[in-house]
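Source file: entry-v4.cif; contents: mmCIF, C-alpha atoms.
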data_model
#
loop_
_atom_site.label_atom_id
_atom_site.label_comp_id
_atom_site.auth_asym_id
_atom_site.auth_seq_id
_atom_site.Cartn_x
_atom_site.Cartn_y
_atom_site.Cartn_z
CA MET T 1 90.13 93.26 97.07
CA THR T 2 89.95 97.02 96.97
CA ALA T 3 90.19 99.61 94.21
CA ASP T 4 93.60 100.50 95.70
CA ASP T 5 94.73 96.90 95.20
CA GLU T 6 93.71 97.08 91.53
CA ARG T 7 95.64 100.32 91.06
CA ALA T 8 98.70 98.88 92.83
CA ILE T 9 99.14 96.10 90.27
CA ALA T 10 99.04 98.42 87.24
CA GLU T 11 102.76 97.80 86.55
CA LEU T 12 102.73 94.05 87.22
CA GLY T 13 99.55 93.73 85.19
CA ALA T 14 100.66 96.14 82.45
CA HIS T 15 100.09 93.57 79.70
CA MET T 16 96.84 92.18 81.17
CA ASP T 17 93.19 92.90 80.60
CA ARG T 18 90.79 93.43 83.50
CA ALA T 19 89.87 89.74 83.90
CA GLN T 20 93.54 88.76 83.91
CA ARG T 21 94.38 91.36 86.54
CA THR T 22 91.52 89.99 88.68
CA ALA T 23 93.03 86.50 88.34
CA LEU T 24 96.39 87.89 89.45
CA LEU T 25 94.85 89.68 92.45
CA ALA T 26 93.24 86.39 93.50
CA VAL T 27 96.63 84.77 94.19
CA LEU T 28 98.12 87.76 96.05
CA THR T 29 98.11 87.84 99.86
CA PRO T 30 97.29 91.22 101.45
CA ARG T 31 99.06 92.26 104.63
CA GLU T 32 98.73 95.38 106.79
CA ILE T 33 101.94 96.61 108.39
CA ALA T 34 102.27 99.19 111.16
CA ALA T 35 104.59 102.18 110.75
CA GLY T 36 108.12 101.24 111.76
CA ASP T 37 107.67 97.51 111.30
CA VAL T 38 110.11 95.50 109.20
CA ILE T 39 108.60 93.66 106.20
CA ALA T 40 111.77 91.88 105.09
CA ARG T 41 115.21 91.74 106.64
CA GLU T 42 118.38 91.94 104.53
CA GLY T 43 119.94 88.52 104.00
CA GLU T 44 117.00 86.49 105.31
CA ALA T 45 115.66 83.60 103.22
CA ARG T 46 112.60 84.71 101.26
CA ASP T 47 110.62 83.57 98.25
CA ALA T 48 108.11 86.38 97.78
CA LEU T 49 107.64 89.67 96.01
CA GLU T 50 105.68 92.45 97.72
CA VAL T 51 103.67 95.11 95.90
CA ILE T 52 102.98 98.27 97.87
CA VAL T 53 99.31 99.30 97.87
CA LYS T 54 99.40 102.06 100.47
CA GLY T 55 102.19 103.75 102.41
CA ASN T 56 105.92 104.11 101.87
CA VAL T 57 108.60 101.49 102.33
CA ALA T 58 112.26 102.35 102.96
CA LEU T 59 114.89 99.94 101.62
CA SER T 60 118.17 100.00 103.48
CA LEU T 61 121.46 98.10 103.55
CA ARG T 62 124.19 97.71 106.11
CA ASP T 63 127.66 98.39 104.71
CA ALA T 64 130.88 96.60 105.70
CA ASP T 65 131.42 99.06 108.55
CA GLY T 66 127.94 98.45 109.90
CA HIS T 67 126.51 101.80 108.78
CA VAL T 68 122.91 101.74 107.63
CA LEU T 69 122.54 103.10 104.12
CA GLU T 70 119.08 104.00 102.85
CA VAL T 71 119.01 103.27 99.11
CA ALA T 72 115.39 103.79 98.06
CA THR T 73 111.93 104.72 99.25
CA LEU T 74 109.15 103.02 97.33
CA GLY T 75 105.48 104.05 97.28
CA PRO T 76 102.18 102.65 96.02
CA GLY T 77 102.41 100.58 92.85
CA ARG T 78 106.08 99.73 93.33
CA ALA T 79 107.35 96.26 94.18
CA PHE T 80 110.40 94.66 95.80
CA GLY T 81 111.64 91.11 96.32
CA GLU T 82 111.57 90.02 92.65
CA PRO T 83 114.89 88.08 92.94
CA SER T 84 113.53 86.22 96.00
CA LEU T 85 110.37 85.25 94.13
CA LEU T 86 112.13 84.21 90.93
CA GLU T 87 115.38 82.70 92.15
CA GLY T 88 114.92 82.19 95.89
CA LEU T 89 117.62 84.77 96.61
CA PRO T 90 117.82 86.20 100.14
CA ALA T 91 116.29 89.63 100.70
CA GLY T 92 118.61 92.18 99.07
CA ALA T 93 117.70 94.93 101.55
CA THR T 94 115.80 95.55 104.76
CA ALA T 95 112.31 96.85 103.96
CA THR T 96 110.77 99.00 106.68
CA ALA T 97 107.28 100.50 106.59
CA GLN T 98 107.64 104.26 107.07
CA THR T 99 103.89 104.75 107.47
CA ALA T 100 100.92 102.42 107.94
CA THR T 101 101.39 100.23 104.89
CA ARG T 102 99.41 97.67 102.91
CA VAL T 103 101.27 95.20 100.70
CA LEU T 104 100.20 92.37 98.42
CA GLY T 105 102.53 89.38 98.59
CA LEU T 106 103.23 86.96 95.75
CA SER T 107 104.99 83.83 96.98
CA ARG T 108 106.75 81.27 94.79
CA ALA T 109 103.98 78.76 95.60
CA ALA T 110 101.37 81.28 94.42
CA LEU T 111 103.33 81.93 91.21
CA ASP T 112 103.62 78.19 90.52
CA ASP T 113 99.89 77.83 91.22
CA LEU T 114 99.17 80.66 88.77
CA ARG T 115 101.40 79.03 86.15
CA ARG T 116 99.39 75.81 86.41
CA ARG T 117 95.89 77.27 86.55
CA GLU T 118 96.24 80.53 84.58
CA PRO T 119 99.28 80.08 82.33
CA ARG T 120 98.39 83.11 80.20
CA VAL T 121 98.24 85.41 83.25
CA ALA T 122 101.50 83.96 84.62
CA SER T 123 103.11 84.51 81.25
CA LEU T 124 102.03 88.18 81.11
CA LEU T 125 103.21 88.67 84.71
CA LEU T 126 106.63 87.21 83.87
CA ARG T 127 106.91 89.54 80.87
CA ALA T 128 106.26 92.55 83.12
CA LEU T 129 108.86 91.28 85.64
CA ILE T 130 111.38 90.68 82.84
CA GLU T 131 110.91 94.22 81.50
CA ASP T 132 111.20 95.75 84.97
CA LEU T 133 114.35 93.78 85.93
CA ALA T 134 115.96 94.52 82.55
CA GLU T 135 115.27 98.23 83.01
CA ARG T 136 116.77 98.29 86.49
CA VAL T 137 119.84 96.27 85.46
CA ARG T 138 120.33 98.60 82.47
CA THR T 139 119.92 101.75 84.57
CA ALA T 140 122.51 100.55 87.08
CA ASN T 141 124.86 99.45 84.26
CA THR T 142 124.50 102.83 82.55
CA ALA T 143 125.37 104.60 85.81
CA ILE T 144 128.50 102.45 86.16
CA GLU T 145 129.44 103.14 82.54
CA ARG T 146 128.94 106.90 82.90
CA ASP T 147 130.16 107.51 86.46
CA GLY T 148 132.29 104.46 87.19
CA GLU T 149 135.35 106.70 87.69
CA ALA T 150 133.73 107.76 90.96
CA LEU T 151 135.05 104.49 92.34
CA ARG T 152 138.54 106.03 92.28
CA LEU T 153 137.47 109.15 94.12
CA ALA T 154 137.65 109.81 97.85
CA SER T 155 135.15 108.15 100.12
CA PRO T 156 132.21 110.60 100.18
CA GLN T 157 131.87 110.80 96.38
CA LYS T 158 132.43 107.08 95.93
CA HIS T 159 129.92 106.32 98.67
CA GLY T 160 127.36 108.67 97.08
CA PHE T 161 127.79 107.08 93.66
CA LEU T 162 127.38 103.57 95.06
CA ALA T 163 124.31 104.54 97.11
CA ARG T 164 122.62 106.17 94.08
CA THR T 165 123.43 103.22 91.81
CA LEU T 166 122.14 100.72 94.37
CA GLY T 167 118.99 102.87 94.62
CA ARG T 168 118.46 102.55 90.87
CA LEU T 169 118.87 98.81 91.12
CA PHE T 170 116.13 98.76 93.77
CA GLY T 171 113.83 100.80 91.55
CA SER T 172 114.33 104.30 92.95
CA LYS T 173 113.43 106.88 90.28
CA SER T 174 115.11 109.78 92.04
CA MET R 1 128.94 68.52 72.36
CA ASN R 2 125.25 67.66 72.21
CA LEU R 3 123.33 70.88 72.84
CA GLU R 4 120.13 69.19 73.96
CA GLN R 5 122.01 67.17 76.62
CA ALA R 6 123.99 70.22 77.72
CA LEU R 7 120.80 72.26 78.17
CA ALA R 8 119.11 69.38 80.01
CA ALA R 9 121.95 69.37 82.56
CA MET R 10 121.52 73.09 83.38
CA PRO R 11 119.43 74.02 86.45
CA LEU R 12 117.87 76.92 84.48
CA PHE R 13 116.31 74.47 82.01
CA SER R 14 115.28 71.80 84.54
CA GLU R 15 111.54 72.24 83.79
CA PHE R 16 111.91 71.59 80.05
CA ASP R 17 110.77 68.20 78.74
CA ALA R 18 112.56 66.35 75.92
CA ALA R 19 110.36 67.81 73.16
CA GLU R 20 110.84 71.36 74.48
CA LEU R 21 114.61 70.91 74.73
CA ALA R 22 114.63 69.62 71.15
CA ALA R 23 112.63 72.66 70.00
CA LEU R 24 115.03 74.98 71.82
CA GLU R 25 117.99 73.20 70.25
CA ARG R 26 116.51 73.76 66.78
CA ALA R 27 116.20 77.49 67.51
CA MET R 28 119.84 77.78 68.64
CA THR R 29 123.24 77.56 66.95
CA ILE R 30 126.13 76.00 68.83
CA GLY R 31 129.67 77.19 68.18
CA ASN R 32 133.29 76.93 69.33
CA PHE R 33 135.00 80.26 69.97
CA GLU R 34 138.64 81.14 70.49
CA THR R 35 140.24 83.25 73.21
CA GLY R 36 139.40 86.90 72.70
CA HIS R 37 136.25 86.33 70.66
CA VAL R 38 133.89 89.25 71.24
CA PHE R 39 130.31 87.99 71.57
CA ILE R 40 128.88 91.38 72.39
CA ARG R 41 130.43 94.82 72.00
CA GLU R 42 129.55 97.65 74.37
CA GLY R 43 127.73 100.50 72.61
CA ASP R 44 126.47 98.44 69.69
CA ALA R 45 122.93 99.31 68.77
CA GLY R 46 120.32 96.56 68.72
CA ARG R 47 120.42 94.99 65.26
CA ALA R 48 118.43 92.30 63.51
CA MET R 49 121.47 90.01 63.76
CA ASP R 50 121.59 90.33 67.56
CA ALA R 51 121.48 87.26 69.75
CA ALA R 52 121.44 86.08 73.33
CA TYR R 53 123.84 83.30 74.33
CA VAL R 54 124.00 80.30 76.61
CA LEU R 55 127.50 79.66 77.91
CA LEU R 56 128.17 75.90 77.72
CA GLU R 57 131.92 75.63 78.38
CA GLY R 58 134.71 78.03 79.30
CA ARG R 59 134.65 81.53 80.73
CA VAL R 60 133.31 84.82 79.41
CA LYS R 61 134.36 88.16 80.86
CA VAL R 62 131.95 91.09 81.03
CA THR R 63 133.70 94.47 80.88
CA ARG R 64 132.95 98.15 80.32
CA ALA R 65 135.13 100.78 78.67
CA ALA R 66 134.77 103.16 81.61
CA ASP R 67 137.26 102.64 84.39
CA SER R 68 135.18 100.66 86.84
CA LYS R 69 137.71 98.38 88.49
CA GLY R 70 136.07 95.83 90.71
CA LEU R 71 132.83 95.94 88.76
CA GLU R 72 133.82 93.45 86.07
CA LYS R 73 132.21 90.07 86.21
CA GLU R 74 132.90 86.62 84.85
CA LEU R 75 130.20 84.31 83.55
CA VAL R 76 130.25 80.58 84.21
CA PRO R 77 128.75 77.68 82.22
CA GLY R 78 124.99 77.40 82.57
CA GLU R 79 124.33 81.13 82.33
CA LEU R 80 122.53 83.15 79.69
CA PHE R 81 124.00 86.47 78.63
CA GLY R 82 123.05 89.35 76.36
CA LEU R 83 119.46 89.47 77.59
CA VAL R 84 118.89 93.12 78.50
CA ALA R 85 119.37 94.55 75.00
CA LEU R 86 117.12 91.87 73.53
CA VAL R 87 114.38 92.68 76.04
CA ASP R 88 114.47 96.49 75.71
CA ARG R 89 116.03 96.85 72.25
CA GLY R 90 118.53 99.34 73.61
CA GLU R 91 122.25 99.38 72.96
CA ARG R 92 124.66 96.95 74.55
CA THR R 93 125.82 98.13 77.99
CA ALA R 94 128.92 95.92 78.27
CA SER R 95 131.28 93.78 76.20
CA CYS R 96 131.35 89.99 76.56
CA THR R 97 134.66 88.38 75.57
CA ALA R 98 135.91 84.78 75.60
CA GLU R 99 138.61 84.20 78.25
CA GLY R 100 140.08 81.07 76.72
CA PRO R 101 138.30 78.58 74.45
CA VAL R 102 134.51 78.80 74.78
CA VAL R 103 131.57 76.70 73.65
CA ALA R 104 128.35 78.70 73.48
CA ALA R 105 124.98 78.52 71.76
CA SER R 106 123.30 81.60 70.29
CA LEU R 107 119.61 82.35 70.10
CA ALA R 108 118.87 84.94 67.42
CA ARG R 109 116.69 87.94 68.23
CA ALA R 110 113.76 86.72 66.12
CA ALA R 111 113.65 83.37 67.93
CA PHE R 112 114.10 85.10 71.30
CA ASP R 113 111.19 87.49 70.55
CA HIS R 114 109.02 84.63 69.43
CA LEU R 115 109.62 82.66 72.66
CA LEU R 116 109.25 85.71 74.89
CA HIS R 117 105.79 86.44 73.46
CA SER R 118 104.63 82.88 72.93
CA ASN R 119 101.62 81.50 74.80
CA ALA R 120 102.74 77.94 74.31
CA SER R 121 104.14 75.89 77.17
CA LEU R 122 107.67 76.27 75.77
CA GLY R 123 107.30 80.07 75.73
CA ALA R 124 106.03 80.15 79.33
CA LYS R 125 109.00 78.10 80.50
CA PHE R 126 111.41 80.24 78.51
CA GLN R 127 109.98 83.40 80.11
CA LEU R 128 110.72 81.97 83.55
CA VAL R 129 114.30 81.16 82.46
CA VAL R 130 114.85 84.75 81.26
CA ALA R 131 113.31 86.20 84.45
CA ARG R 132 115.49 83.92 86.62
CA GLN R 133 118.68 84.87 84.76
CA LEU R 134 117.85 88.58 85.08
CA ALA R 135 117.26 88.03 88.82
CA ARG R 136 120.77 86.51 89.02
CA ASP R 137 122.22 89.45 87.06
CA TRP R 138 120.44 91.84 89.41
CA ASP R 139 121.81 89.99 92.43
CA ARG R 140 125.35 90.02 91.06
CA LEU R 141 125.21 93.79 90.44
CA ASN R 142 123.82 94.30 93.94
CA ARG R 143 126.65 92.27 95.50
CA MET R 144 129.35 93.96 93.39
CA LEU R 145 128.17 97.44 94.34
CA ARG R 146 127.93 96.48 98.00
CA ASP R 147 131.40 94.95 97.99
CA ALA R 148 132.74 98.20 96.51
CA LEU R 149 130.93 100.04 99.29
CA GLY R 150 132.85 98.07 101.88
CA LYS R 151 136.26 98.88 100.40
CA GLY R 152 138.24 101.86 101.60
CA GLY R 153 135.97 102.66 104.54
CA ALA R 154 133.37 105.40 104.83
#
Please express the file's structure as structure tokens.
Amino acid sequence: MTADDERAIAELGAHMDRAQRTALLAVLTPREIAAGDVIAREGEARDALEVIVKGNVALSLRDADGHVLEVATLGPGRAFGEPSLLEGLPAGATATAQTATRVLGLSRAALDDLRRREPRVASLLLRALIEDLAERVRTANTAIERDGEALRLASPQKHGFLARTLGRLFGSKS
Amino acid sequence: MNLEQALAAMPLFSEFDAAELAALERAMTIGNFETGHVFIREGDAGRAMDAAYVLLEGRVKVTRAADSKGLEKELVPGELFGLVALVDRGERTASCTAEGPVVAASLARAAFDHLLHSNASLGAKFQLVVARQLARDWDRLNRMLRDALGKGGA
């Protein structure tokens, strides 16, 4: 494990002390991905979350007409795949490494292992995931509440609103 | 309806043993609600009386005041609702209304907070339940927005 790995889990380990973060790192699986390679494909069965240590990952969707829509670009410290980890939901977007990228994967088996062996660490991890998901659901809901009328507008504005709101759901801060 | 049995039958609570289900039942209040009952009102600030709910029977509609046709959703039995405002203490982002007779159980904010921060086995299991329900909520929003994207062409 590297110092970069420790920094990358600052959000997931927000409620943990150093020893607890080390225990979390121990169940994560590092992976190096070449620029341009796909980490997860939209709709495919998955059960893992990925935390980005190094590099940038683009999240994109294909709309009903087959157009590729880029909804978010996530950098170090950000994660994706929470619904796959927690509920076994298929990948919500295609994740493509834009640069040489290092990720730390947390599979459902690793989470269940952590819950058995380090229940306190698992508990603090779940709290961080709960807070993050709640924030993203609220941000998307707030956008719908504030700008939902955009759905009645002509295509470009409606499309822009939906792309931005989806971006918020995927954790884009821009 | 027996709340403990109803919870035991829900996939979300499949990990809970009999003692944990009994403890959860003691923390919750079951009630029968008529058509039109407003469980949660959009814009309400987080209050001490706030609660999260488990829908046991019937249908609950989630709506927003803003015109956002196609982005309403309907909850089905076995789901928890009202979680986000309990987690972040912000105001309610949508209204939840009974569409016909509903049986639901409420979990008051104090009990919710206690479970969310508990180190006990019951707390750990409850945290997974909340995380799983939020993952479902996330997924539903994702699908709704994407469906809207497909309508009317680009």
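Restricting the calculation to only C-alpha atoms, the smallest distance between chain R and any of T:Asp132, T:Glu50, T:Glu70, T:Asp63 is found for T:Asp63.
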Using only C-alpha atoms, what does the table of chain T residues within 6 Å of chain R look like, with each row giving the shortest atom pair and its distance in Å to one decimal, sorted by chain and ascending number, as CSV?
residue,atom,partner,partner_atom,distance
T:Asp63,CA,R:Gly150,CA,5.9
T:Ala64,CA,R:Gly150,CA,4.5
T:Pro83,CA,R:Ala135,CA,4.8
T:Leu86,CA,R:Arg132,CA,5.5
T:Glu87,CA,R:Arg132,CA,5.7
T:Ser123,CA,R:Ala124,CA,5.6
T:Ile130,CA,R:Ala131,CA,5.1
T:Ala134,CA,R:Val84,CA,5.2
T:Val137,CA,R:Trp138,CA,6.0
T:Glu145,CA,R:Ala66,CA,5.4
T:Gly148,CA,R:Ser68,CA,4.8
T:Glu149,CA,R:Asp67,CA,5.6
T:Ser155,CA,R:Ala154,CA,5.7
Task: Point (113.1, 96.9, 102.6) neighbourhood (7 Å, all atoms listed in the file) written as a PyMOL selection string - done: chain T and resi 39-41+57-60+93-96
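When the PyMOL selection byres ((chain R and resi 110) around 9) is evaluated against the file, it yields Ala48, Met49, Asp50, Ala51, Leu107, Ala108, Arg109, Ala111, Phe112, Asp113, His114 and Leu115 of chain R.
If you apply the PyMOL selection byres ((chain T and resi 118) around 12) to this structure, you end up with Ala19, Gln20, Arg21, Thr22, Ala23, Leu24, Ala26, Val27, Ala110, Leu111, Asp112, Asp113, Leu114, Arg115, Arg116, Arg117, Pro119, Arg120, Val121, Ala122, Ser123, Leu124 and Leu125 of chain T; Asn119, Ser121 and Ala124 of chain R.
Take the PyMOL selection byres ((chain T and resi 106) around 7) and apply it to this file: it picks Leu28, Thr29, Ala48, Leu49, Glu50, Leu104, Gly105, Ser107, Arg108, Ala110 and Leu111 of chain T.
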